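Note: the block below is model.pdb and it holds PDB, C-alpha atoms.
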MODEL        1
ATOM      1  CA  MET A   1      -5.634  -6.338  35.644  1.00  0.00           C
ATOM      2  CA  ALA A   2      -3.899  -8.472  33.053  1.00  0.00           C
ATOM      3  CA  SER A   3      -6.717 -11.027  32.995  1.00  0.00           C
ATOM      4  CA  ASN A   4      -9.285  -8.801  31.248  1.00  0.00           C
ATOM      5  CA  ALA A   5      -6.819  -8.107  28.430  1.00  0.00           C
ATOM      6  CA  THR A   6      -6.574 -11.799  27.611  1.00  0.00           C
ATOM      7  CA  THR A   7     -10.331 -12.232  27.184  1.00  0.00           C
ATOM      8  CA  ALA A   8     -10.490  -9.809  24.264  1.00  0.00           C
ATOM      9  CA  LEU A   9      -7.978 -11.582  22.007  1.00  0.00           C
ATOM     10  CA  ALA A  10      -9.041 -11.345  18.403  1.00  0.00           C
ATOM     11  CA  PHE A  11      -7.136 -14.416  17.167  1.00  0.00           C
ATOM     12  CA  ALA A  12      -6.644 -17.940  18.407  1.00  0.00           C
ATOM     13  CA  VAL A  13      -3.720 -20.284  17.862  1.00  0.00           C
ATOM     14  CA  GLY A  14      -4.156 -21.912  14.467  1.00  0.00           C
ATOM     15  CA  ASP A  15      -6.047 -18.970  12.943  1.00  0.00           C
ATOM     16  CA  TYR A  16      -5.000 -17.653   9.571  1.00  0.00           C
ATOM     17  CA  VAL A  17      -4.504 -13.911   9.635  1.00  0.00           C
ATOM     18  CA  VAL A  18      -3.647 -11.264   7.091  1.00  0.00           C
ATOM     19  CA  TYR A  19      -0.800  -8.973   8.016  1.00  0.00           C
ATOM     20  CA  PRO A  20      -0.894  -6.039   5.577  1.00  0.00           C
ATOM     21  CA  LYS A  21       2.819  -5.945   4.721  1.00  0.00           C
ATOM     22  CA  HIS A  22       3.336  -9.713   4.507  1.00  0.00           C
ATOM     23  CA  GLY A  23       0.042 -11.298   3.516  1.00  0.00           C
ATOM     24  CA  VAL A  24      -1.334 -14.508   4.975  1.00  0.00           C
ATOM     25  CA  GLY A  25       0.254 -15.924   8.088  1.00  0.00           C
ATOM     26  CA  ARG A  26      -0.862 -18.271  10.814  1.00  0.00           C
ATOM     27  CA  VAL A  27      -0.969 -17.760  14.573  1.00  0.00           C
ATOM     28  CA  MET A  28       1.416 -20.406  15.913  1.00  0.00           C
ATOM     29  CA  GLU A  29       1.321 -19.490  19.589  1.00  0.00           C
ATOM     30  CA  LEU A  30       0.651 -16.835  22.170  1.00  0.00           C
ATOM     31  CA  GLN A  31       3.586 -15.713  24.260  1.00  0.00           C
ATOM     32  CA  ASN A  32       3.840 -13.623  27.373  1.00  0.00           C
ATOM     33  CA  GLU A  33       7.018 -11.687  27.715  1.00  0.00           C
ATOM     34  CA  GLU A  34       8.337  -9.105  30.080  1.00  0.00           C
ATOM     35  CA  ILE A  35       9.851  -6.201  28.213  1.00  0.00           C
ATOM     36  CA  ALA A  36      11.192  -3.222  30.129  1.00  0.00           C
ATOM     37  CA  GLY A  37       9.266  -4.279  33.208  1.00  0.00           C
ATOM     38  CA  MET A  38       5.957  -4.585  31.357  1.00  0.00           C
ATOM     39  CA  GLN A  39       4.070  -7.758  30.611  1.00  0.00           C
ATOM     40  CA  LEU A  40       3.431  -8.040  26.888  1.00  0.00           C
ATOM     41  CA  GLU A  41       1.228 -10.536  25.148  1.00  0.00           C
ATOM     42  CA  LEU A  42       2.501 -11.502  21.716  1.00  0.00           C
ATOM     43  CA  TYR A  43       1.069 -13.369  18.774  1.00  0.00           C
ATOM     44  CA  VAL A  44       3.706 -15.500  17.115  1.00  0.00           C
ATOM     45  CA  LEU A  45       2.912 -15.508  13.398  1.00  0.00           C
ATOM     46  CA  ARG A  46       4.404 -17.831  10.824  1.00  0.00           C
ATOM     47  CA  PHE A  47       4.561 -16.841   7.153  1.00  0.00           C
ATOM     48  CA  GLU A  48       5.314 -20.023   5.224  1.00  0.00           C
ATOM     49  CA  LYS A  49       5.984 -18.308   1.923  1.00  0.00           C
ATOM     50  CA  GLU A  50       8.731 -16.076   3.317  1.00  0.00           C
ATOM     51  CA  ARG A  51       9.841 -18.667   5.883  1.00  0.00           C
ATOM     52  CA  MET A  52       9.483 -15.906   8.414  1.00  0.00           C
ATOM     53  CA  THR A  53       8.228 -15.674  11.983  1.00  0.00           C
ATOM     54  CA  LEU A  54       6.894 -12.411  13.405  1.00  0.00           C
ATOM     55  CA  ARG A  55       6.000 -11.557  16.954  1.00  0.00           C
ATOM     56  CA  VAL A  56       3.215  -9.015  17.199  1.00  0.00           C
ATOM     57  CA  PRO A  57       2.088  -7.478  20.486  1.00  0.00           C
ATOM     58  CA  THR A  58      -1.627  -8.208  20.858  1.00  0.00           C
ATOM     59  CA  ASN A  59      -2.285  -4.518  21.609  1.00  0.00           C
ATOM     60  CA  LYS A  60      -0.755  -3.481  18.266  1.00  0.00           C
ATOM     61  CA  VAL A  61      -3.028  -5.617  16.097  1.00  0.00           C
ATOM     62  CA  GLU A  62      -5.451  -2.818  15.278  1.00  0.00           C
ATOM     63  CA  SER A  63      -2.870  -0.145  14.524  1.00  0.00           C
ATOM     64  CA  ILE A  64      -1.009  -2.556  12.230  1.00  0.00           C
ATOM     65  CA  GLY A  65      -4.230  -3.489  10.464  1.00  0.00           C
ATOM     66  CA  MET A  66      -3.870  -7.224  11.064  1.00  0.00           C
ATOM     67  CA  ARG A  67      -7.142  -8.984  10.315  1.00  0.00           C
ATOM     68  CA  LYS A  68      -8.835 -12.317   9.927  1.00  0.00           C
ATOM     69  CA  LEU A  69      -9.207 -13.821   6.460  1.00  0.00           C
ATOM     70  CA  SER A  70     -11.746 -11.979   4.328  1.00  0.00           C
ATOM     71  CA  SER A  71     -15.402 -12.833   4.519  1.00  0.00           C
ATOM     72  CA  ASP A  72     -16.896 -14.886   1.691  1.00  0.00           C
ATOM     73  CA  LYS A  73     -18.651 -11.725   0.565  1.00  0.00           C
ATOM     74  CA  THR A  74     -15.375  -9.793   0.308  1.00  0.00           C
ATOM     75  CA  LEU A  75     -13.715 -12.717  -1.464  1.00  0.00           C
ATOM     76  CA  LYS A  76     -16.569 -12.765  -3.987  1.00  0.00           C
ATOM     77  CA  GLU A  77     -16.105  -9.045  -4.525  1.00  0.00           C
ATOM     78  CA  ALA A  78     -12.384  -9.583  -5.145  1.00  0.00           C
ATOM     79  CA  MET A  79     -13.084 -12.363  -7.661  1.00  0.00           C
ATOM     80  CA  GLU A  80     -15.643 -10.111  -9.405  1.00  0.00           C
ATOM     81  CA  THR A  81     -13.047  -7.336  -9.489  1.00  0.00           C
ATOM     82  CA  LEU A  82     -10.789  -9.625 -11.525  1.00  0.00           C
ATOM     83  CA  LYS A  83     -13.476  -9.754 -14.236  1.00  0.00           C
ATOM     84  CA  GLY A  84     -13.677  -5.985 -14.613  1.00  0.00           C
ATOM     85  CA  LYS A  85     -12.044  -3.668 -17.095  1.00  0.00           C
ATOM     86  CA  PRO A  86      -8.390  -3.018 -16.267  1.00  0.00           C
ATOM     87  CA  LYS A  87      -7.745   0.595 -15.309  1.00  0.00           C
ATOM     88  CA  VAL A  88      -4.452   1.846 -16.626  1.00  0.00           C
ATOM     89  CA  LYS A  89      -3.562   5.397 -15.766  1.00  0.00           C
ATOM     90  CA  ARG A  90      -1.352   7.391 -18.039  1.00  0.00           C
ATOM     91  CA  THR A  91       0.851   8.591 -15.197  1.00  0.00           C
ATOM     92  CA  MET A  92       4.553   7.809 -14.959  1.00  0.00           C
ATOM     93  CA  TRP A  93       5.334   4.208 -14.145  1.00  0.00           C
ATOM     94  CA  SER A  94       7.155   5.113 -10.921  1.00  0.00           C
ATOM     95  CA  ARG A  95       4.033   6.792  -9.561  1.00  0.00           C
ATOM     96  CA  ARG A  96       1.777   3.929 -10.658  1.00  0.00           C
ATOM     97  CA  ALA A  97       4.182   1.396  -9.164  1.00  0.00           C
ATOM     98  CA  GLN A  98       3.983   3.234  -5.815  1.00  0.00           C
ATOM     99  CA  GLU A  99       0.181   3.169  -5.962  1.00  0.00           C
ATOM    100  CA  TYR A 100       0.183  -0.550  -6.760  1.00  0.00           C
ATOM    101  CA  GLU A 101       2.595  -1.279  -3.894  1.00  0.00           C
ATOM    102  CA  ALA A 102       0.435   0.751  -1.504  1.00  0.00           C
ATOM    103  CA  LYS A 103      -2.647  -1.235  -2.541  1.00  0.00           C
ATOM    104  CA  ILE A 104      -0.811  -4.537  -2.034  1.00  0.00           C
ATOM    105  CA  ASN A 105       0.514  -3.451   1.374  1.00  0.00           C
ATOM    106  CA  SER A 106      -2.922  -2.258   2.469  1.00  0.00           C
ATOM    107  CA  GLY A 107      -3.789  -5.922   2.920  1.00  0.00           C
ATOM    108  CA  GLU A 108      -7.239  -5.205   1.417  1.00  0.00           C
ATOM    109  CA  ILE A 109      -8.094  -8.185  -0.778  1.00  0.00           C
ATOM    110  CA  VAL A 110     -10.250  -6.171  -3.204  1.00  0.00           C
ATOM    111  CA  LEU A 111      -7.469  -3.618  -3.772  1.00  0.00           C
ATOM    112  CA  ILE A 112      -4.997  -6.460  -4.305  1.00  0.00           C
ATOM    113  CA  ALA A 113      -7.407  -7.944  -6.855  1.00  0.00           C
ATOM    114  CA  GLU A 114      -7.466  -4.565  -8.657  1.00  0.00           C
ATOM    115  CA  VAL A 115      -3.673  -4.580  -8.985  1.00  0.00           C
ATOM    116  CA  THR A 116      -3.753  -8.199 -10.186  1.00  0.00           C
ATOM    117  CA  ARG A 117      -6.361  -7.321 -12.814  1.00  0.00           C
ATOM    118  CA  ASP A 118      -4.715  -4.089 -13.925  1.00  0.00           C
ATOM    119  CA  LEU A 119      -1.298  -5.696 -14.425  1.00  0.00           C
ATOM    120  CA  PHE A 120      -2.457  -8.968 -15.979  1.00  0.00           C
ATOM    121  CA  ARG A 121      -1.465  -9.412 -19.626  1.00  0.00           C
ATOM    122  CA  PRO A 122      -3.082 -11.990 -21.912  1.00  0.00           C
ATOM    123  CA  GLU A 123      -0.551 -14.141 -23.770  1.00  0.00           C
ATOM    124  CA  ASP A 124      -1.028 -12.314 -27.082  1.00  0.00           C
ATOM    125  CA  GLN A 125      -0.241  -8.902 -25.581  1.00  0.00           C
ATOM    126  CA  PRO A 126       3.139  -7.129 -25.553  1.00  0.00           C
ATOM    127  CA  GLU A 127       5.525  -8.258 -22.824  1.00  0.00           C
ATOM    128  CA  GLN A 128       5.424  -6.496 -19.485  1.00  0.00           C
ATOM    129  CA  SER A 129       8.431  -4.738 -18.055  1.00  0.00           C
ATOM    130  CA  TYR A 130      10.329  -6.574 -15.346  1.00  0.00           C
ATOM    131  CA  SER A 131       8.959  -4.338 -12.591  1.00  0.00           C
ATOM    132  CA  GLU A 132       5.365  -4.665 -13.839  1.00  0.00           C
ATOM    133  CA  ARG A 133       5.737  -8.416 -13.827  1.00  0.00           C
ATOM    134  CA  GLN A 134       7.173  -8.376 -10.302  1.00  0.00           C
ATOM    135  CA  ILE A 135       4.325  -6.289  -8.928  1.00  0.00           C
ATOM    136  CA  PHE A 136       1.794  -8.497 -10.746  1.00  0.00           C
ATOM    137  CA  GLU A 137       3.390 -11.571  -9.175  1.00  0.00           C
ATOM    138  CA  ALA A 138       3.407  -9.996  -5.718  1.00  0.00           C
ATOM    139  CA  ALA A 139      -0.277  -9.064  -5.995  1.00  0.00           C
ATOM    140  CA  SER A 140      -1.474 -12.331  -7.526  1.00  0.00           C
ATOM    141  CA  SER A 141       0.525 -14.339  -5.000  1.00  0.00           C
ATOM    142  CA  ARG A 142      -1.027 -12.365  -2.106  1.00  0.00           C
ATOM    143  CA  LEU A 143      -4.478 -12.913  -3.537  1.00  0.00           C
ATOM    144  CA  ALA A 144      -3.793 -16.607  -4.111  1.00  0.00           C
ATOM    145  CA  ARG A 145      -2.561 -17.142  -0.568  1.00  0.00           C
ATOM    146  CA  GLU A 146      -5.714 -15.685   0.946  1.00  0.00           C
ATOM    147  CA  LEU A 147      -7.967 -17.524  -1.516  1.00  0.00           C
ATOM    148  CA  GLY A 148      -6.041 -20.730  -0.834  1.00  0.00           C
ATOM    149  CA  ALA A 149      -6.339 -20.348   2.934  1.00  0.00           C
ATOM    150  CA  MET A 150     -10.068 -19.648   2.626  1.00  0.00           C
ATOM    151  CA  GLU A 151     -10.763 -22.537   0.270  1.00  0.00           C
ATOM    152  CA  GLU A 152      -8.322 -24.840   2.059  1.00  0.00           C
ATOM    153  CA  THR A 153      -6.201 -25.464  -1.016  1.00  0.00           C
ATOM    154  CA  ASP A 154      -2.645 -24.383  -1.726  1.00  0.00           C
ATOM    155  CA  GLU A 155      -1.355 -21.211  -3.312  1.00  0.00           C
ATOM    156  CA  ALA A 156      -0.647 -22.846  -6.696  1.00  0.00           C
ATOM    157  CA  THR A 157      -4.227 -24.159  -7.020  1.00  0.00           C
ATOM    158  CA  ALA A 158      -5.661 -20.799  -5.977  1.00  0.00           C
ATOM    159  CA  LEU A 159      -3.362 -18.932  -8.381  1.00  0.00           C
ATOM    160  CA  GLU A 160      -4.493 -21.134 -11.254  1.00  0.00           C
ATOM    161  CA  LYS A 161      -8.112 -20.303 -10.401  1.00  0.00           C
ATOM    162  CA  ILE A 162      -7.296 -16.560 -10.431  1.00  0.00           C
ATOM    163  CA  LEU A 163      -5.439 -16.816 -13.749  1.00  0.00           C
ATOM    164  CA  GLU A 164      -8.357 -18.733 -15.292  1.00  0.00           C
ATOM    165  CA  VAL A 165     -10.717 -15.890 -14.382  1.00  0.00           C
ATOM    166  CA  LEU A 166      -8.289 -13.347 -15.831  1.00  0.00           C
ATOM    167  CA  ARG A 167      -7.688 -15.330 -19.028  1.00  0.00           C
ATOM    168  CA  GLU A 168     -11.421 -15.677 -19.522  1.00  0.00           C
ATOM    169  CA  HIS A 169     -12.341 -12.036 -18.970  1.00  0.00           C
ATOM    170  CA  ALA A 170      -9.299  -9.970 -19.950  1.00  0.00           C
ATOM    171  CA  PRO A 171      -9.199 -10.633 -23.734  1.00  0.00           C
ATOM    172  CA  GLN A 172     -12.398  -8.659 -24.365  1.00  0.00           C
ATOM    173  CA  TYR A 173     -10.683  -5.550 -23.015  1.00  0.00           C
ATOM    174  CA  TYR A 174      -7.658  -5.970 -25.226  1.00  0.00           C
ATOM    175  CA  ASP A 175      -9.428  -6.728 -28.523  1.00  0.00           C
ATOM    176  CA  ASN A 176      -9.525  -3.177 -29.773  1.00  0.00           C
ATOM    177  CA  PRO A 177      -6.750  -1.046 -28.303  1.00  0.00           C
ATOM    178  CA  ASP A 178      -7.696   1.968 -30.451  1.00  0.00           C
ATOM    179  CA  GLU A 179     -11.065   2.485 -28.758  1.00  0.00           C
ATOM    180  CA  ASP A 180      -9.571   4.144 -25.691  1.00  0.00           C
TER     181      ASP A 180
ENDMDL
END
I need this file expressed as C-alpha cells, please.
Amino acid sequence: MASNATTALAFAVGDYVVYPKHGVGRVMELQNEEIAGMQLELYVLRFEKERMTLRVPTNKVESIGMRKLSSDKTLKEAMETLKGKPKVKRTMWSRRAQEYEAKINSGEIVLIAEVTRDLFRPEDQPEQSYSERQIFEAASSRLARELGAMEETDEATALEKILEVLREHAPQYYDNPDED
C-alpha cells in the first residue's frame, strides 16, 4: 500500500519550494519515519535565510500550500505588479499591517509583489515608520528569494533588480500628492 503513495510525490530532492510562512526553501532529503505506529514520509526542507530546517509530511503539502517556484508567467505578473500604482488604504495601520502580513504569508508571489510596491518609498519621500519598513523588507526579501531561485542568482542581486523596477516606476505616482 505504501508504494503507490511514493509515486505521487510532488517534489524531488534538490527542488526549490515555496512554503507560505517561510518563503523559499530547498528539499534536502526524503525521510521515512514511524510515528505512533504509522509510516510517515517527510520532506526535509532547508531555509538558508533563516538557517532553519523543517520536516513536512508529504501528505500535508497541499493543506499547507507548499508549492513549486512560480511559473515564468506568474513571475512576469509579479514584476509587472511592481510597476503599478501603489494602493494605500486609509484604514488604521494595524489593520493594514495585518493585511500585508497575510499577503506575505499566503506565499503568492503576486500578492507579495503588491505589498512590496505599496510599501516602497522613493528616496525623496517622507521616512517610513519602523513597522512599515520591516514589512517592506519582509516582502521584498521574499520576492527576491523566489526571483533569485528562478533566475539562479542570489537574493541580493534579485533584490537590486526589484528595487530598480520600483525606483524607475514609483516616482511618477509620488509627483503630485494632492491629486488623490
>> I need the residue nearest Lys161 (chain A) from this list: A:Gln128, A:Leu69, A:Tyr173, A:Leu147. Use all atoms listed in the file for the distance.
In response: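 That would be A:Leu147, the residue with the smallest distance to Lys161 (chain A).
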>> Here's the selection I'm unsure about, the PyMOL selection byres ((chain A and resi 9-26) around 8); applied to the file above, which residues does it give, as a list of chain:residue names?
In response: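 Given this file, the PyMOL selection byres ((chain A and resi 9-26) around 8) evaluates to A:Ala5, A:Thr6, A:Thr7, A:Ala8, A:Val27, A:Met28, A:Glu29, A:Leu30, A:Leu45, A:Arg46, A:Phe47, A:Glu48, A:Thr58, A:Ile64, A:Gly65, A:Met66, A:Arg67, A:Lys68, A:Leu69, A:Ile104, A:Asn105, A:Ser106, A:Gly107, A:Glu108, A:Arg142, A:Arg145, A:Glu146, A:Ala149.
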>> When you count only C-alpha atoms, which of these residues is closest to Glu101 (chain A): A:Asp72, A:Glu114, A:Glu127, A:Glu62?
In response: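 For Glu101 (chain A), the nearest of the candidates is A:Glu114.
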>> Let me make sure I understand: among A:Ile162, A:Thr153, A:Val56, A:Lys73, which one has the smallest atom-to-atom distance to Phe120 (chain A) if we use only C-alpha atoms?
In response: A:Ile162
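Closest approach to Ile35 (chain A) among A:Arg121, A:Pro57, A:Leu143, A:Met150: A:Pro57, based on only C-alpha atoms.
The spacing separating CA of Leu42 (chain A) from CA of Ile109 (chain A) amounts to 25.1 Å.
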>> What does the structure give for the distance between CA of Ser131 (chain A) and CA of Asp118 (chain A), in Å to one decimal?
In response: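 A separation of 13.7 Å between them.
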> Interatomic distance between CA of Leu166 (chain A) and CA of Gly148 (chain A)?
Replying inline: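 It comes out at 16.9 Å.
If only C-alpha atoms are the atoms counted, then among A:Leu163, A:Ala138, A:Ala113, A:Ala36 the closest residue to Lys76 (chain A) is A:Ala113.
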> A:Glu132, A:Val61, A:Thr91, A:Val44: which is nearest Asn32 (chain A), counting all atoms listed in the file?
Replying inline: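 Of all the options, A:Val44 lies closest to Asn32 (chain A).
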> Can you list what the PyMOL selection byres ((chain A and resi 82) around 7) grabs from this structure, as a list in words?
Replying inline: Ala78, Met79, Glu80, Thr81, Lys83, Gly84, Ala113, Glu114, Arg117, Val165 and Leu166 of chain A
Taking the partial coordinates given, rebuild region 67-86 of chain A to contain N, CA, C and O atoms; return it as a PDB file, in the coordinates of the input.
ATOM      1  N   ARG A  67      -5.729  -8.595  10.329  1.00  0.00           N
ATOM      2  CA  ARG A  67      -7.142  -8.984  10.315  1.00  0.00           C
ATOM      3  C   ARG A  67      -7.295 -10.474  10.064  1.00  0.00           C
ATOM      4  O   ARG A  67      -6.353 -11.152   9.666  1.00  0.00           O
ATOM      5  N   LYS A  68      -8.513 -10.940  10.276  1.00  0.00           N
ATOM      6  CA  LYS A  68      -8.835 -12.317   9.927  1.00  0.00           C
ATOM      7  C   LYS A  68      -8.915 -12.424   8.410  1.00  0.00           C
ATOM      8  O   LYS A  68      -8.921 -11.414   7.707  1.00  0.00           O
ATOM      9  N   LEU A  69      -9.007 -13.641   7.898  1.00  0.00           N
ATOM     10  CA  LEU A  69      -9.207 -13.821   6.460  1.00  0.00           C
ATOM     11  C   LEU A  69     -10.488 -13.092   6.059  1.00  0.00           C
ATOM     12  O   LEU A  69     -11.390 -12.920   6.870  1.00  0.00           O
ATOM     13  N   SER A  70     -10.563 -12.695   4.814  1.00  0.00           N
ATOM     14  CA  SER A  70     -11.746 -11.979   4.328  1.00  0.00           C
ATOM     15  C   SER A  70     -13.009 -12.810   4.489  1.00  0.00           C
ATOM     16  O   SER A  70     -12.955 -14.033   4.522  1.00  0.00           O
ATOM     17  N   SER A  71     -14.126 -12.128   4.515  1.00  0.00           N
ATOM     18  CA  SER A  71     -15.402 -12.833   4.519  1.00  0.00           C
ATOM     19  C   SER A  71     -15.633 -13.386   3.120  1.00  0.00           C
ATOM     20  O   SER A  71     -15.017 -12.949   2.144  1.00  0.00           O
ATOM     21  N   ASP A  72     -16.547 -14.334   3.007  1.00  0.00           N
ATOM     22  CA  ASP A  72     -16.896 -14.886   1.691  1.00  0.00           C
ATOM     23  C   ASP A  72     -17.375 -13.778   0.770  1.00  0.00           C
ATOM     24  O   ASP A  72     -17.088 -13.772  -0.424  1.00  0.00           O
ATOM     25  N   LYS A  73     -18.107 -12.834   1.356  1.00  0.00           N
ATOM     26  CA  LYS A  73     -18.651 -11.725   0.565  1.00  0.00           C
ATOM     27  C   LYS A  73     -17.517 -10.889  -0.036  1.00  0.00           C
ATOM     28  O   LYS A  73     -17.543 -10.544  -1.215  1.00  0.00           O
ATOM     29  N   THR A  74     -16.509 -10.580   0.785  1.00  0.00           N
ATOM     30  CA  THR A  74     -15.375  -9.793   0.308  1.00  0.00           C
ATOM     31  C   THR A  74     -14.570 -10.572  -0.723  1.00  0.00           C
ATOM     32  O   THR A  74     -14.113 -10.018  -1.715  1.00  0.00           O
ATOM     33  N   LEU A  75     -14.427 -11.877  -0.498  1.00  0.00           N
ATOM     34  CA  LEU A  75     -13.715 -12.717  -1.464  1.00  0.00           C
ATOM     35  C   LEU A  75     -14.446 -12.701  -2.810  1.00  0.00           C
ATOM     36  O   LEU A  75     -13.821 -12.562  -3.859  1.00  0.00           O
ATOM     37  N   LYS A  76     -15.761 -12.821  -2.749  1.00  0.00           N
ATOM     38  CA  LYS A  76     -16.569 -12.765  -3.987  1.00  0.00           C
ATOM     39  C   LYS A  76     -16.340 -11.453  -4.721  1.00  0.00           C
ATOM     40  O   LYS A  76     -16.187 -11.423  -5.936  1.00  0.00           O
ATOM     41  N   GLU A  77     -16.320 -10.376  -3.949  1.00  0.00           N
ATOM     42  CA  GLU A  77     -16.105  -9.045  -4.525  1.00  0.00           C
ATOM     43  C   GLU A  77     -14.726  -8.978  -5.206  1.00  0.00           C
ATOM     44  O   GLU A  77     -14.590  -8.433  -6.296  1.00  0.00           O
ATOM     45  N   ALA A  78     -13.735  -9.566  -4.573  1.00  0.00           N
ATOM     46  CA  ALA A  78     -12.384  -9.583  -5.145  1.00  0.00           C
ATOM     47  C   ALA A  78     -12.369 -10.380  -6.449  1.00  0.00           C
ATOM     48  O   ALA A  78     -11.766  -9.963  -7.442  1.00  0.00           O
ATOM     49  N   MET A  79     -13.051 -11.528  -6.458  1.00  0.00           N
ATOM     50  CA  MET A  79     -13.084 -12.363  -7.661  1.00  0.00           C
ATOM     51  C   MET A  79     -13.857 -11.661  -8.786  1.00  0.00           C
ATOM     52  O   MET A  79     -13.508 -11.769  -9.957  1.00  0.00           O
ATOM     53  N   GLU A  80     -14.904 -10.907  -8.413  1.00  0.00           N
ATOM     54  CA  GLU A  80     -15.643 -10.111  -9.405  1.00  0.00           C
ATOM     55  C   GLU A  80     -14.757  -9.001  -9.967  1.00  0.00           C
ATOM     56  O   GLU A  80     -14.810  -8.694 -11.150  1.00  0.00           O
ATOM     57  N   THR A  81     -13.964  -8.407  -9.091  1.00  0.00           N
ATOM     58  CA  THR A  81     -13.047  -7.336  -9.489  1.00  0.00           C
ATOM     59  C   THR A  81     -12.120  -7.806 -10.607  1.00  0.00           C
ATOM     60  O   THR A  81     -11.818  -7.063 -11.537  1.00  0.00           O
ATOM     61  N   LEU A  82     -11.693  -9.067 -10.509  1.00  0.00           N
ATOM     62  CA  LEU A  82     -10.789  -9.625 -11.525  1.00  0.00           C
ATOM     63  C   LEU A  82     -11.422  -9.614 -12.919  1.00  0.00           C
ATOM     64  O   LEU A  82     -10.729  -9.559 -13.924  1.00  0.00           O
ATOM     65  N   LYS A  83     -12.760  -9.666 -12.956  1.00  0.00           N
ATOM     66  CA  LYS A  83     -13.476  -9.754 -14.236  1.00  0.00           C
ATOM     67  C   LYS A  83     -13.665  -8.392 -14.889  1.00  0.00           C
ATOM     68  O   LYS A  83     -14.055  -8.301 -16.043  1.00  0.00           O
ATOM     69  N   GLY A  84     -13.403  -7.331 -14.124  1.00  0.00           N
ATOM     70  CA  GLY A  84     -13.677  -5.985 -14.613  1.00  0.00           C
ATOM     71  C   GLY A  84     -12.662  -5.481 -15.614  1.00  0.00           C
ATOM     72  O   GLY A  84     -11.667  -6.139 -15.919  1.00  0.00           O
ATOM     73  N   LYS A  85     -12.926  -4.292 -16.106  1.00  0.00           N
ATOM     74  CA  LYS A  85     -12.044  -3.668 -17.095  1.00  0.00           C
ATOM     75  C   LYS A  85     -10.795  -3.141 -16.397  1.00  0.00           C
ATOM     76  O   LYS A  85     -10.889  -2.400 -15.424  1.00  0.00           O
ATOM     77  N   PRO A  86      -9.618  -3.525 -16.885  1.00  0.00           N
ATOM     78  CA  PRO A  86      -8.390  -3.018 -16.267  1.00  0.00           C
ATOM     79  C   PRO A  86      -8.323  -1.497 -16.369  1.00  0.00           C
ATOM     80  O   PRO A  86      -8.690  -0.938 -17.393  1.00  0.00           O
TER      81      PRO A  86
END
